[in-house]
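Reading through the structure tokens given below for one structure.
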Amino acid sequence: MYLLKCNFTKVLYLFILLSCKSFAQEGNYVGINFGLSDFHLKDDHASPLIFRGIGITPSIQFMYKGEAAIHSVELSYYYDYLGSINTNFNTNNWRGKVKYSYLHFIIDFIEPNNQLALFIGASLSSFLSLSDYRYIDDNLAIESWYWNHSINVELELIYSFNPKEYITAQCGVPAISNISRPEYSPSNNYSYSSNRYIVTTFDKMMYFPDNFFINTILTYHTPISRMFSLQIEYEFFYSLYNKPKEVSMYMNNARAGLFWQF
Amino acid sequence: MAILRINNMKKYNILFFLFALLLVGCEEMLLGPEPANNPKGNFDVLWKTFDENYALFTVKNVNWDSLRLVYGSKISASTTSNELWGIMTNLLSNLNDGHTKLFNENYTKGFNSSEIAKRTANDFSLELIKSTKLENAKTAGSGLITYSKIKNANIGYIHIASFALTGRYNVNWAYDIDKALADLAECKAIIVDLRNNGGGLRVTGDIIASAFVDREITYFYQRAKVGPGHNDLGDKIPISIAPREGRLKYSKKTVLLTNRFSASGSEYFTEIFKYLSYTTQIGDTTFGAFGDIISVAQLPNGWTFTYPCRLTTTPDGNCYEGKGIVPDYVIENSAADIKSEKDNVINFAIEYLR
């Protein structure tokens with residue numbers, strides 16, 4: 001019975017593969033991804049300790065791939081319940097990223113099929129990490145955040161195994177940012193009546209390398225039918241910012257998702 | 001078939017290589033070292049957090065660097081948790097700050113840096129006042145406000161036990177103080193008793209005080225910590241109070257009673273009354289806790305501590321921190337007075353208002 005089930009699955013999979021038609025890279029794609037996020041945070045505004053945890057990360061992507069350019073929009077959300085070396089101290093952490101990127105084809109390599117293509121471009125992104133450290137009682141808490149709105153330089157390599165199947169490696173670093181952080185100690189963005197910080201959207205203009213982060217995304221695309229493709233994605237993000245107190249964080253995200261081509 | 005296998009191998013090698021290249025999992029390399037959870041590591045975090053964030057060094061006569069040497073030298077790898085607690089509390093005692101506290105890992109044991117806080121509050125008894133002075137004591141604000149007419153005198157009495165955060169005790173402070181004052185509307189004078197009121201949130205005191213003020217008053221200025229240096233304090237932030245909208249102008253003769261345990265938010269409230277021509281402060285000097293915005297910080301061993309990150313001064317630059325506000329009439333009770341059912345402070349206040 002088990003063998004029968006396995007064979008049926010294999011036959012079904014083979015049927016799907018055989019029914020696939022040519023997967024053209026050019027076109028519009030909309031995809032939904034879901035995965036896990038391994039997040040590490042050290043924010044001197046709130047604690048000298050490192051907080052870490054594994055949470056969830058859904059994302060939605062839209063891509064237009066033309067012959068010489070790629071436009072993409074990404075909305076990603078991350079939630080982690082972070083722990084520290086001491087079980088007394090934990091924090092909820094919410095993160096979000098909105099990003100539009102434009103990548104222009106520059107050159108391709110590896111004759112005779114030009115399997116490797118280089119794209120260079122720019123992106124606009126907004127990344128927020130918000131943590132709520134709460135202890136002793138509800139009156140004593142520290143909120144902290146890092147919100148970076150930036151114009152980034154982007155580079156992408158696409159390696160095609162065949163027209164239907166390819167991997168991409170995209171890397172971005174910020175050139176100009178506006179970064180919001182809590183003040184050194186509670187003052188203008190602190191609400192005395194609610195005993196809480198007020199998250200400010202915009203604050204200081206910063207330039208590379210003082211606004212440093214690196215966001216790298218590796219993807220593997222393979223078609224599963226004429227209209228749909230599977231994407232497996234790994235994202236690495238690291239940021240370091242030292243105003244008014246140092247905050248550094250990194251995350252490893254692994255997602256899988258389904259893309260619809262239209 | 002062989003070609004296909006090689007292509008697959010190549011494909012997976014490339015994937016693996018790129019993944020390994022980017023999976024930089026070395027936490028310490030990326031985020032820097034985490035403080036060690038040992039006696040020295042914990043002491044260093046406590047000392048450094050105060051060094052860079054405590055806003056009141058300019059009004060405290062302490063040499064923080066010397067204290068690090070004095071108390072840090074007592075720590076070794078074999079220092080026990082109890083010993084570390086003792087060393088840390090001795091260090092913080094030098095600040096004599098009512099807002100500087102240390103809590104152990106389960107928050108079952110706390111330490112207050114202030115010398116006054118260690119005294120037992122035995123110079124005041126609300127029960128004594130209720131049984132000997134009040135006609136028919138009523139409560140409001142989830143029991144935090146006690147009020148009544150004084151027996152055989154046309155004087156109202158309001159005791160406020162705390163300026164706790166609105167919502168925490170399901171208190172509508174504006175409604176409750178208005179109701180108490182409305183019930184005492186016939187009285188020619190009011191006694192507001194803040195004895196043993198350890199404070200709470202300044203905004204709560206402001207809500208109550210707004211029922212008593214006759215005009216807008218800037219009664220304090222604060223300066224927030226803006227950098228790691230002891231003198232890194234920001235611009236002056238005015239702390240003001242104004243009559244609540246829609247209220248009748250209050251101008252009744254009022255006495256404010258304080259003692260050494262009228263602390264923090266109570267003292268802000270007291271300072272407001274100093275600006276009102278129709279109010280008089282009677283009792284003992286207040287606690288002397290004028291740091292504001294109490295931050296909480298963590299130690300690697302699970303303990304926490306609090307410290308103020310704003311310095312408060314009067315408009316002319318005077319700071320009451322560690323000193324308290326001296327009453328217009330200094331009248332004290334002893335424990336023996338209370339035991340013998342005698343409250344000198346309220347007796348004086350009643351005679352003063354008759």
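Scheme for the structure tokens: letters A, B, ... for chains in order shown; per-chain residue numbers from 1; ligand numbers from 1 in order shown.
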| Test item: chain B residues at most 6 Å from chain A, counting only C-alpha atoms, as JSON, numbers by chain | {"B": [31, 34, 203, 225, 226, 298, 302]}
Take the residues from that selection and write them out as a tab-separated table (two decimals), in the first residue's frame, keeping C-alpha atoms.
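Generated output (out.tsv):
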chain	number	residue	atom	x	y	z
B	31	LEU	CA	27.13	41.94	17.22
B	34	GLU	CA	28.00	40.06	25.28
B	203	VAL	CA	0.96	63.18	35.07
B	225	LYS	CA	20.55	62.81	29.50
B	226	VAL	CA	21.71	63.17	25.90
B	298	GLN	CA	19.13	44.56	32.91
B	302	GLY	CA	18.70	38.38	35.67
| Residues within 10 Å of segment 156-162 of chain B, only C-alpha atoms, excluding chain neighbours under 2 positions, as a ChimeraX atom specification | /B:126,129,133-135,137-141,143-151,153-154,164-165,177,180-181,183-201,204-205,208,254-257,262-263,265-266,346,350
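Using only C-alpha atoms, the shortest contact distance between Leu95 of chain B and any of B:Phe57, B:Tyr71, B:Phe261, B:Phe290 is found at B:Phe57.
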| task | Grab the atom CA of Tyr79 of chain A to atom CA of Ser144 of chain A distance for me, in Å with one decimal place. | result | 15.0 Å
| Distance atom CA of Ile120 of chain A-atom CA of Ser72 of chain A, one decimal place? | 13.3 Å
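Take the candidates A:Glu67, A:Glu165, A:Glu143, A:Glu233 and check each one against Val199 of chain A using only C-alpha atoms; the shortest distance goes to A:Glu143.
For the set A:Arg196, A:Lys99, A:His221, A:His104, the residue with the smallest atom-to-atom gap to Lys164 of chain A is A:His221, counting only C-alpha atoms.
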| What residues in segment 10-253 of chain A get the DSSP label alpha helix (DSSP H)? Please answer as a ChimeraX atom specification. | /A:10-19
| query | as a count of residues only, which residues of segment 39-196 of chain A does DSSP assign to strand (DSSP E)? | reply | 116
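For the set B:Ala182, B:Leu69, B:Leu56, B:Ala209, the residue with the smallest atom-to-atom gap to Tyr320 of chain B is B:Leu56, counting only C-alpha atoms.
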List every residue of segment 107-212 of chain B that has an atom at most 8 Å from any atom of segment 332-342 of chain B, and for each one report the closest atom pair and its distance in Å to one decimal, counting only C-alpha atoms, with rows sorted by chain and then by increasing residue number, as JSON lines.
{"residue": "B:Asn122", "atom": "CA", "partner": "B:Ala335", "partner_atom": "CA", "distance": 5.4}
{"residue": "B:Asp123", "atom": "CA", "partner": "B:Ala335", "partner_atom": "CA", "distance": 5.2}
{"residue": "B:Phe124", "atom": "CA", "partner": "B:Ile338", "partner_atom": "CA", "distance": 6.6}
{"residue": "B:Ser125", "atom": "CA", "partner": "B:Ile338", "partner_atom": "CA", "distance": 6.9}
{"residue": "B:Leu128", "atom": "CA", "partner": "B:Glu341", "partner_atom": "CA", "distance": 6.5}
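Contact shell of Asn92 of chain A at 6 Å (only C-alpha atoms; same-chain neighbours under 3 positions omitted): A:Tyr81, A:Ser131, A:Asp132.
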| task | Tell me, as a PyMOL selection string, which residues lie within 7 Å of Gly53 of chain A, counting only C-alpha atoms; anything in the same chain fewer than 6 positions away does not count. | result | chain A and resi 38-40+80-83
| task | Skip Thr58 of chain B itself and residues of its chain fewer than 4 positions away, then list as number ranges by chain all residues within 9 Å of it, counting only C-alpha atoms. | result | B: 230-231, 311
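Pairwise distance (atom CA of Ala289 of chain B, atom CA of Asp176 of chain B) equals 26.2 Å.
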| request: Please identify all polymer residues within 7 Å of Ser295 of chain B, counting only C-alpha atoms, omitting same-chain residues fewer than 2 positions from it, and present them as a ChimeraX atom specification. | output: /B:293,297,306-309
